[in-house]
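Novice: One structure coming up, written as structure tokens, with questions to follow.
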Amino acid sequence: MPKKQPEPVVVDPTAWMIDNDVANFLLLHQKEVLYMCMLGYTFLHGSKVFKAAPKSAPFSYKLISMILACTGGGILVPIFLNTVPVPLANDAYPIAILTSFAIHYYFPIVAEVMNLSPVVKSLIVVLYETVRAKVVLTFTLAASAAIAPTTFSFPLFGPIMCGTVAGCGGAFLPMNKGLDPIAKDGLQPPMS
């Protein structure tokens with residue numbers, strides 16, 4: 001009897017795309033990388049908020065503006081899907097927001113360095129866009145699972161809308177830019 005020839009091993013020619021350090025970074029598999037990217041995400045948002053806010057704006061105005069800018073899509077889309085908003089569901093986001101806020105508020109020179117150095121700015125933008133892509137993908141998949149299909153065998157426009165709002169929801173909050181009442185004098189102190 002002739003010996004059976006071993007079956008040739010089929011190697012996936014595209015495996016290199018997922019099996020490398022760059023892919024591991026971009027897919028945010030490690031918590032440390034995710035936290036680093038979150039800090040870059042919130043830092044870039046803080047840079048935009050502090051640049052747009054009037055110099056005389058109170059602490060509360062800047063803090064609330066930054067929270068809404070950083071978590072706008074993470075607040076709106078979970079409301080659409082009847083789930084818990086991201087700032088309440090993931091403790092790492094408020095920590096990253098408060099850390100970035102403290103850096104901008106107490107050490108504004110760090111943001112100036114970022115704006116002066118194209119290398120540092122590029123690094124922060126990569127961290128920012130990595131987290132934003134994760135947020136868009138996460139909420140698009142969540143919407144796809146939560147929304148029942150109607151016309152097609154899969155939900156089409158609901159997940160697309162949720163992914164879009166997830167990626168740029170901070171631009172919509174506050175809905176009427178309703179922080180104007182506290183822009184001048186800040187929040188009123190609690191009644192005693």
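Convention: chains lettered A, B, ... in structure tokens order; per-chain residue numbering from 1; ligands numbered from 1 as shown.
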A:Val110: which residues within 12 Å, counting only C-alpha atoms, same-chain residues fewer than 4 positions away excluded, as number ranges by chain?

Specialist: A: 43-44, 46-47, 100-106, 114-117, 120-121

Novice: Output as a ChimeraX atom specification all residues of stretch 20-122 of chain A that backbone DSSP marks as helix (DSSP H, G or I).

Specialist: /A:21-26,31-52,59-81,86-89,92-106,109-116,118-122

Novice: Output the selection as a PDB file, in the first residue's frame - C-alpha atoms for each residue.

Specialist:
ATOM      1  CA  ASP A  21       2.394  44.910  16.690  1.00  0.00           C
ATOM      2  CA  VAL A  22       0.711  47.699  14.725  1.00  0.00           C
ATOM      3  CA  ALA A  23      -2.523  45.705  14.446  1.00  0.00           C
ATOM      4  CA  ASN A  24      -2.405  44.858  18.151  1.00  0.00           C
ATOM      5  CA  PHE A  25      -2.066  48.570  18.903  1.00  0.00           C
ATOM      6  CA  LEU A  26      -4.846  49.672  16.550  1.00  0.00           C
ATOM      7  CA  LYS A  31      -5.823  47.788  28.529  1.00  0.00           C
ATOM      8  CA  GLU A  32      -2.674  49.886  28.854  1.00  0.00           C
ATOM      9  CA  VAL A  33      -2.805  50.831  25.181  1.00  0.00           C
ATOM     10  CA  LEU A  34      -6.525  51.595  25.454  1.00  0.00           C
ATOM     11  CA  TYR A  35      -5.925  53.873  28.448  1.00  0.00           C
ATOM     12  CA  MET A  36      -3.073  55.639  26.670  1.00  0.00           C
ATOM     13  CA  CYS A  37      -5.293  56.213  23.630  1.00  0.00           C
ATOM     14  CA  MET A  38      -8.145  57.419  25.848  1.00  0.00           C
ATOM     15  CA  LEU A  39      -5.829  59.955  27.421  1.00  0.00           C
ATOM     16  CA  GLY A  40      -4.774  61.155  23.956  1.00  0.00           C
ATOM     17  CA  TYR A  41      -8.435  61.323  22.912  1.00  0.00           C
ATOM     18  CA  THR A  42      -9.482  63.386  25.898  1.00  0.00           C
ATOM     19  CA  PHE A  43      -6.345  65.545  25.690  1.00  0.00           C
ATOM     20  CA  LEU A  44      -7.091  66.559  22.084  1.00  0.00           C
ATOM     21  CA  HIS A  45     -10.714  67.287  22.978  1.00  0.00           C
ATOM     22  CA  GLY A  46      -9.482  69.368  25.900  1.00  0.00           C
ATOM     23  CA  SER A  47      -7.225  71.309  23.582  1.00  0.00           C
ATOM     24  CA  LYS A  48     -10.203  72.148  21.374  1.00  0.00           C
ATOM     25  CA  VAL A  49     -12.430  73.058  24.339  1.00  0.00           C
ATOM     26  CA  PHE A  50      -9.855  75.291  26.012  1.00  0.00           C
ATOM     27  CA  LYS A  51      -9.067  77.008  22.707  1.00  0.00           C
ATOM     28  CA  ALA A  52     -12.769  77.716  22.035  1.00  0.00           C
ATOM     29  CA  PHE A  59     -13.937  76.347  35.809  1.00  0.00           C
ATOM     30  CA  SER A  60     -17.372  74.664  35.676  1.00  0.00           C
ATOM     31  CA  TYR A  61     -18.052  75.849  32.132  1.00  0.00           C
ATOM     32  CA  LYS A  62     -14.777  74.418  30.846  1.00  0.00           C
ATOM     33  CA  LEU A  63     -15.179  71.140  32.753  1.00  0.00           C
ATOM     34  CA  ILE A  64     -18.741  70.499  31.595  1.00  0.00           C
ATOM     35  CA  SER A  65     -17.873  71.498  28.025  1.00  0.00           C
ATOM     36  CA  MET A  66     -14.986  69.039  28.063  1.00  0.00           C
ATOM     37  CA  ILE A  67     -17.094  66.205  29.491  1.00  0.00           C
ATOM     38  CA  LEU A  68     -19.739  66.750  26.811  1.00  0.00           C
ATOM     39  CA  ALA A  69     -17.172  67.061  24.017  1.00  0.00           C
ATOM     40  CA  CYS A  70     -15.413  63.846  25.061  1.00  0.00           C
ATOM     41  CA  THR A  71     -18.512  61.731  25.649  1.00  0.00           C
ATOM     42  CA  GLY A  72     -21.167  63.197  23.333  1.00  0.00           C
ATOM     43  CA  GLY A  73     -21.546  60.112  21.147  1.00  0.00           C
ATOM     44  CA  GLY A  74     -21.179  57.888  24.192  1.00  0.00           C
ATOM     45  CA  ILE A  75     -24.146  59.647  25.757  1.00  0.00           C
ATOM     46  CA  LEU A  76     -26.466  60.034  22.760  1.00  0.00           C
ATOM     47  CA  VAL A  77     -26.147  56.591  21.164  1.00  0.00           C
ATOM     48  CA  PRO A  78     -26.767  54.618  24.383  1.00  0.00           C
ATOM     49  CA  ILE A  79     -29.876  56.759  24.888  1.00  0.00           C
ATOM     50  CA  PHE A  80     -30.999  55.785  21.373  1.00  0.00           C
ATOM     51  CA  LEU A  81     -30.331  52.105  22.152  1.00  0.00           C
ATOM     52  CA  VAL A  86     -20.360  55.402  28.439  1.00  0.00           C
ATOM     53  CA  PRO A  87     -19.328  57.820  31.211  1.00  0.00           C
ATOM     54  CA  LEU A  88     -21.437  55.776  33.640  1.00  0.00           C
ATOM     55  CA  ALA A  89     -20.501  52.353  32.253  1.00  0.00           C
ATOM     56  CA  ALA A  92     -11.735  54.867  32.701  1.00  0.00           C
ATOM     57  CA  TYR A  93     -13.340  57.633  30.607  1.00  0.00           C
ATOM     58  CA  PRO A  94     -14.115  60.018  33.497  1.00  0.00           C
ATOM     59  CA  ILE A  95     -10.619  59.403  34.882  1.00  0.00           C
ATOM     60  CA  ALA A  96      -9.048  60.219  31.501  1.00  0.00           C
ATOM     61  CA  ILE A  97     -11.281  63.292  31.122  1.00  0.00           C
ATOM     62  CA  LEU A  98     -10.426  64.622  34.576  1.00  0.00           C
ATOM     63  CA  THR A  99      -6.708  63.936  34.053  1.00  0.00           C
ATOM     64  CA  SER A 100      -6.697  65.738  30.708  1.00  0.00           C
ATOM     65  CA  PHE A 101      -8.729  68.585  32.163  1.00  0.00           C
ATOM     66  CA  ALA A 102      -6.267  68.979  35.037  1.00  0.00           C
ATOM     67  CA  ILE A 103      -3.348  69.046  32.599  1.00  0.00           C
ATOM     68  CA  HIS A 104      -5.040  71.732  30.488  1.00  0.00           C
ATOM     69  CA  TYR A 105      -6.213  73.769  33.459  1.00  0.00           C
ATOM     70  CA  TYR A 106      -3.081  73.671  35.623  1.00  0.00           C
ATOM     71  CA  ILE A 109       1.998  74.845  28.429  1.00  0.00           C
ATOM     72  CA  VAL A 110       1.589  71.132  27.643  1.00  0.00           C
ATOM     73  CA  ALA A 111      -1.147  71.943  25.118  1.00  0.00           C
ATOM     74  CA  GLU A 112       1.024  74.680  23.665  1.00  0.00           C
ATOM     75  CA  VAL A 113       3.854  72.180  23.179  1.00  0.00           C
ATOM     76  CA  MET A 114       1.437  69.876  21.381  1.00  0.00           C
ATOM     77  CA  ASN A 115       0.349  72.680  19.069  1.00  0.00           C
ATOM     78  CA  LEU A 116       3.934  73.746  18.330  1.00  0.00           C
ATOM     79  CA  PRO A 118       4.025  68.488  14.548  1.00  0.00           C
ATOM     80  CA  VAL A 119       5.423  65.188  15.846  1.00  0.00           C
ATOM     81  CA  VAL A 120       3.613  65.401  19.195  1.00  0.00           C
ATOM     82  CA  LYS A 121       0.424  66.642  17.529  1.00  0.00           C
ATOM     83  CA  SER A 122       0.542  63.742  15.054  1.00  0.00           C
TER      84      SER A 122
END

Novice: With only C-alpha atoms as the counted atoms, please give the residues lying no more than 9 Å from stretch 139-148 of chain A, apart from itself and same-chain residues fewer than 2 positions off, as a list in words.

Specialist: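 What passes the distance filter is Gly73, Gly74, Val77, Pro78, Phe80, Leu81, Lys134, Val135, Val136, Leu137, Thr150, Phe154, Pro155, Leu156, Gly158, Pro159, Ile160, Met161, Cys162, Gly163, Thr164 and Ala166 of chain A.
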
Novice: Keeping only N, CA, C and O atoms, write the selected residues to a file as a short mmCIF file (atom, residue, chain, number, x, y, z; two decimals), in the first residue's frame.

Specialist:
data_model
loop_
_atom_site.label_atom_id
_atom_site.label_comp_id
_atom_site.auth_asym_id
_atom_site.auth_seq_id
_atom_site.Cartn_x
_atom_site.Cartn_y
_atom_site.Cartn_z
N GLY A 73 -21.03 61.31 21.82
CA GLY A 73 -21.55 60.11 21.15
C GLY A 73 -21.80 58.98 22.12
O GLY A 73 -22.73 58.19 21.94
N GLY A 74 -21.01 58.92 23.18
CA GLY A 74 -21.18 57.89 24.19
C GLY A 74 -22.34 58.16 25.12
O GLY A 74 -22.68 57.32 25.95
N VAL A 77 -25.85 57.90 21.76
CA VAL A 77 -26.15 56.59 21.16
C VAL A 77 -26.70 55.61 22.19
O VAL A 77 -27.69 54.93 21.91
N PRO A 78 -26.13 55.50 23.40
CA PRO A 78 -26.77 54.62 24.38
C PRO A 78 -28.20 55.03 24.72
O PRO A 78 -29.04 54.18 25.00
N PHE A 80 -30.25 56.32 22.51
CA PHE A 80 -31.00 55.79 21.37
C PHE A 80 -31.25 54.29 21.53
O PHE A 80 -32.31 53.78 21.16
N LEU A 81 -30.26 53.57 22.07
CA LEU A 81 -30.33 52.11 22.15
C LEU A 81 -30.85 51.61 23.50
O LEU A 81 -30.91 50.40 23.73
N LYS A 134 -12.65 53.04 17.50
CA LYS A 134 -13.18 51.99 18.38
C LYS A 134 -14.59 52.32 18.83
O LYS A 134 -15.46 51.45 18.86
N VAL A 135 -14.84 53.58 19.16
CA VAL A 135 -16.17 54.00 19.60
C VAL A 135 -17.19 53.82 18.46
O VAL A 135 -18.28 53.28 18.68
N VAL A 136 -16.82 54.23 17.27
CA VAL A 136 -17.73 54.09 16.12
C VAL A 136 -18.04 52.62 15.87
O VAL A 136 -19.20 52.23 15.71
N LEU A 137 -17.02 51.79 15.86
CA LEU A 137 -17.23 50.36 15.61
C LEU A 137 -18.05 49.71 16.71
O LEU A 137 -18.98 48.94 16.44
N THR A 150 -35.86 45.43 9.23
CA THR A 150 -37.20 45.66 8.69
C THR A 150 -37.24 45.33 7.20
O THR A 150 -37.74 44.28 6.82
N PHE A 154 -31.08 42.48 7.56
CA PHE A 154 -30.21 43.05 8.58
C PHE A 154 -30.56 44.53 8.73
O PHE A 154 -31.03 45.15 7.79
N PRO A 155 -30.34 45.11 9.91
CA PRO A 155 -30.59 46.54 10.06
C PRO A 155 -29.54 47.33 9.30
O PRO A 155 -28.35 47.02 9.37
N LEU A 156 -29.96 48.32 8.55
CA LEU A 156 -29.02 49.05 7.71
C LEU A 156 -28.77 50.47 8.21
O LEU A 156 -27.68 50.80 8.64
N GLY A 158 -30.10 52.27 10.79
CA GLY A 158 -29.97 52.50 12.24
C GLY A 158 -28.54 52.39 12.71
O GLY A 158 -28.02 53.31 13.36
N PRO A 159 -27.85 51.28 12.42
CA PRO A 159 -26.44 51.19 12.83
C PRO A 159 -25.55 52.25 12.18
O PRO A 159 -24.63 52.76 12.83
N ILE A 160 -25.82 52.61 10.94
CA ILE A 160 -25.02 53.65 10.29
C ILE A 160 -25.21 54.99 11.00
O ILE A 160 -24.25 55.71 11.29
N MET A 161 -26.46 55.32 11.33
CA MET A 161 -26.75 56.57 12.04
C MET A 161 -26.10 56.56 13.43
O MET A 161 -25.49 57.56 13.84
N CYS A 162 -26.21 55.43 14.14
CA CYS A 162 -25.62 55.35 15.48
C CYS A 162 -24.10 55.46 15.41
O CYS A 162 -23.48 56.12 16.25
N GLY A 163 -23.49 54.81 14.45
CA GLY A 163 -22.04 54.92 14.28
C GLY A 163 -21.60 56.33 13.97
O GLY A 163 -20.59 56.83 14.48
N THR A 164 -22.38 57.01 13.14
CA THR A 164 -22.06 58.40 12.79
C THR A 164 -22.16 59.31 14.00
O THR A 164 -21.25 60.11 14.26
N ALA A 166 -22.00 58.41 17.09
CA ALA A 166 -20.97 58.00 18.05
C ALA A 166 -19.64 58.66 17.74
O ALA A 166 -18.90 59.04 18.64
#

Novice: Kindly give the distance, in Å, that separates atom CA of A:Ala171 and atom CA of A:Val125, rounded to a single decimal.

Specialist: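 A separation of 17.3 Å between them.
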